[in-house]
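Colleague: Below is the structure I would like to discuss, written out as structure tokens.
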Amino acid sequence: MNTDLDIAFKEAFIKISELKEAVTPDIMLKFYAYYKQANYGSNLPYENDLNVRNAFKLNAWMQLKDMSSEEAKKEYIKLANTVLNKQQSK
């Protein structure tokens, strides 16, 4: 069942995915971590062959290990609104 939070999360994801301008890497890591935590929880994969980029992504996700899926969705939406508002004011 799609709750209002699920619908808002999906809409925020679509809007961020469709951005034409690049978002800074630190913000993209936050989006990645919130998305993963919202969808997969703390089920972190073990990978032997992590490159630097994937190590940063995994580290960002690991920092959210105690966050609930609902909270991760709310944080993703909040960050998306901040980024989208900055994009619109340019």
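Please note that chains go A, B, ... in the order of the structure tokens, that every chain numbers its residues from 1, and that ligands are numbered from 1 in the order shown.
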Excluding A:Leu84 and residues on its chain fewer than 2 positions from it, collect all residues at most 12 Å away from it, counting only C-alpha atoms, and give them as number ranges by chain.

Modeller: A: 12-23, 76-82, 86-90

Colleague: Take the residues from that selection and put them in a file with N, CA and C atoms, as a PDB file, in the first residue's frame.

Modeller:
ATOM      1  N   ALA A  12       9.761  12.836  -5.014  1.00  0.00           N
ATOM      2  CA  ALA A  12      11.042  13.505  -4.777  1.00  0.00           C
ATOM      3  C   ALA A  12      12.150  12.804  -5.550  1.00  0.00           C
ATOM      4  N   PHE A  13      12.147  11.472  -5.551  1.00  0.00           N
ATOM      5  CA  PHE A  13      13.155  10.702  -6.286  1.00  0.00           C
ATOM      6  C   PHE A  13      13.102  11.021  -7.775  1.00  0.00           C
ATOM      7  N   ILE A  14      11.919  11.062  -8.330  1.00  0.00           N
ATOM      8  CA  ILE A  14      11.765  11.353  -9.758  1.00  0.00           C
ATOM      9  C   ILE A  14      12.261  12.759 -10.082  1.00  0.00           C
ATOM     10  N   LYS A  15      11.899  13.722  -9.267  1.00  0.00           N
ATOM     11  CA  LYS A  15      12.321  15.104  -9.513  1.00  0.00           C
ATOM     12  C   LYS A  15      13.843  15.241  -9.444  1.00  0.00           C
ATOM     13  N   ILE A  16      14.461  14.605  -8.468  1.00  0.00           N
ATOM     14  CA  ILE A  16      15.920  14.673  -8.350  1.00  0.00           C
ATOM     15  C   ILE A  16      16.570  13.945  -9.525  1.00  0.00           C
ATOM     16  N   SER A  17      16.015  12.824  -9.917  1.00  0.00           N
ATOM     17  CA  SER A  17      16.566  12.058 -11.049  1.00  0.00           C
ATOM     18  C   SER A  17      16.500  12.834 -12.355  1.00  0.00           C
ATOM     19  N   GLU A  18      15.532  13.720 -12.473  1.00  0.00           N
ATOM     20  CA  GLU A  18      15.340  14.476 -13.714  1.00  0.00           C
ATOM     21  C   GLU A  18      16.065  15.816 -13.736  1.00  0.00           C
ATOM     22  N   LEU A  19      16.796  16.143 -12.680  1.00  0.00           N
ATOM     23  CA  LEU A  19      17.521  17.422 -12.647  1.00  0.00           C
ATOM     24  C   LEU A  19      18.499  17.516 -13.803  1.00  0.00           C
ATOM     25  N   LYS A  20      18.552  18.667 -14.410  1.00  0.00           N
ATOM     26  CA  LYS A  20      19.481  18.901 -15.522  1.00  0.00           C
ATOM     27  C   LYS A  20      20.856  19.330 -15.019  1.00  0.00           C
ATOM     28  N   GLU A  21      20.881  20.060 -13.910  1.00  0.00           N
ATOM     29  CA  GLU A  21      22.150  20.532 -13.359  1.00  0.00           C
ATOM     30  C   GLU A  21      22.718  19.512 -12.379  1.00  0.00           C
ATOM     31  N   ALA A  22      24.032  19.432 -12.346  1.00  0.00           N
ATOM     32  CA  ALA A  22      24.699  18.491 -11.446  1.00  0.00           C
ATOM     33  C   ALA A  22      24.548  18.934  -9.998  1.00  0.00           C
ATOM     34  N   VAL A  23      24.479  17.960  -9.130  1.00  0.00           N
ATOM     35  CA  VAL A  23      24.427  18.197  -7.693  1.00  0.00           C
ATOM     36  C   VAL A  23      25.791  17.820  -7.143  1.00  0.00           C
ATOM     37  N   TYR A  76      15.192  12.232   2.887  1.00  0.00           N
ATOM     38  CA  TYR A  76      15.394  12.326   1.439  1.00  0.00           C
ATOM     39  C   TYR A  76      14.507  13.428   0.870  1.00  0.00           C
ATOM     40  N   ILE A  77      13.242  13.423   1.255  1.00  0.00           N
ATOM     41  CA  ILE A  77      12.290  14.438   0.773  1.00  0.00           C
ATOM     42  C   ILE A  77      12.734  15.835   1.187  1.00  0.00           C
ATOM     43  N   LYS A  78      13.166  15.978   2.423  1.00  0.00           N
ATOM     44  CA  LYS A  78      13.616  17.284   2.916  1.00  0.00           C
ATOM     45  C   LYS A  78      14.825  17.774   2.116  1.00  0.00           C
ATOM     46  N   LEU A  79      15.801  16.890   1.889  1.00  0.00           N
ATOM     47  CA  LEU A  79      16.986  17.256   1.116  1.00  0.00           C
ATOM     48  C   LEU A  79      16.606  17.579  -0.329  1.00  0.00           C
ATOM     49  N   ALA A  80      15.704  16.799  -0.900  1.00  0.00           N
ATOM     50  CA  ALA A  80      15.259  17.050  -2.274  1.00  0.00           C
ATOM     51  C   ALA A  80      14.599  18.420  -2.384  1.00  0.00           C
ATOM     52  N   ASN A  81      13.754  18.752  -1.434  1.00  0.00           N
ATOM     53  CA  ASN A  81      13.100  20.067  -1.460  1.00  0.00           C
ATOM     54  C   ASN A  81      14.113  21.197  -1.356  1.00  0.00           C
ATOM     55  N   THR A  82      15.133  21.024  -0.539  1.00  0.00           N
ATOM     56  CA  THR A  82      16.184  22.037  -0.410  1.00  0.00           C
ATOM     57  C   THR A  82      16.915  22.222  -1.736  1.00  0.00           C
ATOM     58  N   LYS A  86      16.695  25.531  -4.375  1.00  0.00           N
ATOM     59  CA  LYS A  86      17.898  26.255  -4.802  1.00  0.00           C
ATOM     60  C   LYS A  86      17.987  26.304  -6.310  1.00  0.00           C
ATOM     61  N   GLN A  87      17.624  25.200  -6.957  1.00  0.00           N
ATOM     62  CA  GLN A  87      17.652  25.149  -8.425  1.00  0.00           C
ATOM     63  C   GLN A  87      16.661  26.140  -9.027  1.00  0.00           C
ATOM     64  N   GLN A  88      15.481  26.251  -8.415  1.00  0.00           N
ATOM     65  CA  GLN A  88      14.447  27.148  -8.937  1.00  0.00           C
ATOM     66  C   GLN A  88      14.798  28.611  -8.738  1.00  0.00           C
ATOM     67  N   SER A  89      15.558  28.913  -7.689  1.00  0.00           N
ATOM     68  CA  SER A  89      15.877  30.310  -7.402  1.00  0.00           C
ATOM     69  C   SER A  89      17.041  30.835  -8.235  1.00  0.00           C
ATOM     70  N   LYS A  90      17.630  29.979  -9.042  1.00  0.00           N
ATOM     71  CA  LYS A  90      18.752  30.418  -9.894  1.00  0.00           C
ATOM     72  C   LYS A  90      18.258  31.158 -11.103  1.00  0.00           C
TER      73      LYS A  90
END

Colleague: Would you kindly return, as a compact mmCIF listing (two decimals) with N, CA, C and O atoms, in the first residue's frame, each protein, DNA or RNA residue with an atom no farther than 12 Å from any atom of stretch 30-32 of chain A, considering only C-alpha atoms and excluding same-chain residues fewer than 2 positions away?

Modeller:
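File written: out-v8.txt
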# COMPACT_ATOMS: atom_id res chain seq x y z
N PHE A 9 7.91 10.40 -1.37
CA PHE A 9 9.28 9.90 -1.57
C PHE A 9 9.52 9.59 -3.05
O PHE A 9 10.54 10.00 -3.62
N ALA A 12 9.76 12.84 -5.01
CA ALA A 12 11.04 13.50 -4.78
C ALA A 12 12.15 12.80 -5.55
O ALA A 12 13.00 13.45 -6.17
N PHE A 13 12.15 11.47 -5.55
CA PHE A 13 13.15 10.70 -6.29
C PHE A 13 13.10 11.02 -7.77
O PHE A 13 14.13 11.24 -8.41
N ILE A 16 14.46 14.61 -8.47
CA ILE A 16 15.92 14.67 -8.35
C ILE A 16 16.57 13.95 -9.52
O ILE A 16 17.57 14.41 -10.08
N SER A 17 16.02 12.82 -9.92
CA SER A 17 16.57 12.06 -11.05
C SER A 17 16.50 12.83 -12.36
O SER A 17 17.32 12.62 -13.25
N VAL A 23 24.48 17.96 -9.13
CA VAL A 23 24.43 18.20 -7.69
C VAL A 23 25.79 17.82 -7.14
O VAL A 23 26.42 16.88 -7.62
N THR A 24 26.25 18.54 -6.13
CA THR A 24 27.59 18.28 -5.59
C THR A 24 27.70 16.85 -5.08
O THR A 24 26.71 16.26 -4.62
N PRO A 25 28.90 16.28 -5.14
CA PRO A 25 29.09 14.89 -4.72
C PRO A 25 28.66 14.60 -3.27
O PRO A 25 28.11 13.54 -3.01
N ASP A 26 28.88 15.53 -2.36
CA ASP A 26 28.49 15.28 -0.98
C ASP A 26 26.97 15.18 -0.83
O ASP A 26 26.46 14.35 -0.07
N ILE A 27 26.24 15.97 -1.59
CA ILE A 27 24.78 15.90 -1.57
C ILE A 27 24.31 14.61 -2.24
O ILE A 27 23.38 13.95 -1.76
N MET A 28 24.96 14.22 -3.33
CA MET A 28 24.60 12.98 -3.99
C MET A 28 24.82 11.78 -3.07
O MET A 28 24.02 10.83 -3.09
N TYR A 34 20.24 7.92 1.93
CA TYR A 34 18.83 7.96 2.34
C TYR A 34 18.00 7.00 1.50
O TYR A 34 17.12 6.30 2.00
N TYR A 35 18.27 6.97 0.19
CA TYR A 35 17.52 6.07 -0.70
C TYR A 35 17.74 4.61 -0.30
O TYR A 35 16.78 3.84 -0.18
N LYS A 36 18.98 4.23 -0.12
CA LYS A 36 19.29 2.85 0.26
C LYS A 36 18.67 2.49 1.61
O LYS A 36 18.10 1.41 1.77
N GLN A 37 18.79 3.39 2.59
CA GLN A 37 18.23 3.11 3.90
C GLN A 37 16.71 3.02 3.84
O GLN A 37 16.12 2.16 4.48
N ALA A 38 16.10 3.87 3.05
CA ALA A 38 14.64 3.85 2.92
C ALA A 38 14.16 2.56 2.28
O ALA A 38 13.12 2.02 2.65
N ASN A 39 14.91 2.05 1.32
CA ASN A 39 14.48 0.88 0.57
C ASN A 39 15.03 -0.45 1.06
O ASN A 39 14.39 -1.49 0.86
N TYR A 40 16.20 -0.45 1.69
CA TYR A 40 16.84 -1.70 2.08
C TYR A 40 17.17 -1.79 3.56
O TYR A 40 17.66 -2.82 4.02
N ASN A 54 32.71 3.48 -4.58
CA ASN A 54 31.75 2.61 -3.90
C ASN A 54 31.99 2.57 -2.40
O ASN A 54 31.04 2.41 -1.63
N PHE A 56 32.96 5.12 -0.57
CA PHE A 56 32.32 6.33 -0.05
C PHE A 56 30.80 6.14 0.03
O PHE A 56 30.16 6.53 1.01
N LYS A 57 30.21 5.53 -1.00
CA LYS A 57 28.77 5.29 -1.00
C LYS A 57 28.37 4.35 0.14
O LYS A 57 27.41 4.62 0.86
N LEU A 58 29.11 3.27 0.31
CA LEU A 58 28.82 2.33 1.38
C LEU A 58 28.98 2.98 2.75
O LEU A 58 28.16 2.78 3.65
N ASN A 59 30.01 3.79 2.90
CA ASN A 59 30.23 4.49 4.16
C ASN A 59 29.08 5.44 4.49
O ASN A 59 28.62 5.51 5.63
N ALA A 60 28.61 6.16 3.48
CA ALA A 60 27.48 7.09 3.69
C ALA A 60 26.25 6.32 4.13
O ALA A 60 25.52 6.75 5.04
N TRP A 61 26.01 5.16 3.54
CA TRP A 61 24.86 4.34 3.91
C TRP A 61 25.03 3.77 5.32
O TRP A 61 24.10 3.78 6.12
N MET A 62 26.23 3.31 5.63
CA MET A 62 26.50 2.72 6.96
C MET A 62 26.23 3.72 8.08
O MET A 62 25.82 3.34 9.17
N GLN A 63 26.44 4.99 7.83
CA GLN A 63 26.21 6.01 8.85
C GLN A 63 24.74 6.14 9.22
O GLN A 63 24.42 6.72 10.25
N LEU A 64 23.86 5.59 8.42
CA LEU A 64 22.42 5.67 8.68
C LEU A 64 21.85 4.36 9.22
O LEU A 64 20.64 4.19 9.29
N ALA A 72 14.30 7.85 6.89
CA ALA A 72 15.16 8.03 5.71
C ALA A 72 14.36 8.65 4.56
O ALA A 72 14.88 9.53 3.85
N LYS A 73 13.13 8.23 4.39
CA LYS A 73 12.28 8.82 3.34
C LYS A 73 12.03 10.30 3.62
O LYS A 73 12.11 11.13 2.72
N LYS A 74 11.74 10.61 4.87
CA LYS A 74 11.50 12.01 5.24
C LYS A 74 12.74 12.86 5.00
O LYS A 74 12.65 13.99 4.50
N GLU A 75 13.91 12.34 5.36
CA GLU A 75 15.15 13.08 5.16
C GLU A 75 15.46 13.25 3.68
O GLU A 75 15.96 14.29 3.25
N TYR A 76 15.19 12.23 2.89
CA TYR A 76 15.39 12.33 1.44
C TYR A 76 14.51 13.43 0.87
O TYR A 76 14.96 14.26 0.09
N ILE A 77 13.24 13.42 1.25
CA ILE A 77 12.29 14.44 0.77
C ILE A 77 12.73 15.83 1.19
O ILE A 77 12.71 16.77 0.38
N LYS A 78 13.17 15.98 2.42
CA LYS A 78 13.62 17.28 2.92
C LYS A 78 14.83 17.77 2.12
O LYS A 78 14.88 18.93 1.70
N LEU A 79 15.80 16.89 1.89
CA LEU A 79 16.99 17.26 1.12
C LEU A 79 16.61 17.58 -0.33
O LEU A 79 17.11 18.55 -0.90
N ALA A 80 15.70 16.80 -0.90
CA ALA A 80 15.26 17.05 -2.27
C ALA A 80 14.60 18.42 -2.38
O ALA A 80 14.88 19.17 -3.32
N ASN A 81 13.75 18.75 -1.43
CA ASN A 81 13.10 20.07 -1.46
C ASN A 81 14.11 21.20 -1.36
O ASN A 81 13.99 22.21 -2.04
N THR A 82 15.13 21.02 -0.54
CA THR A 82 16.18 22.04 -0.41
C THR A 82 16.91 22.22 -1.74
O THR A 82 17.10 23.34 -2.21
N VAL A 83 17.31 21.13 -2.36
CA VAL A 83 18.04 21.19 -3.63
C VAL A 83 17.15 21.78 -4.72
O VAL A 83 17.58 22.63 -5.50

Colleague: Which residue out of A:Thr3, A:Leu29, A:Ser42, A:Val52 has the minimum interatomic distance to A:Ser69 when only C-alpha atoms are used?

Modeller: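 Selected residue with least distance to A:Ser69: A:Ser42.
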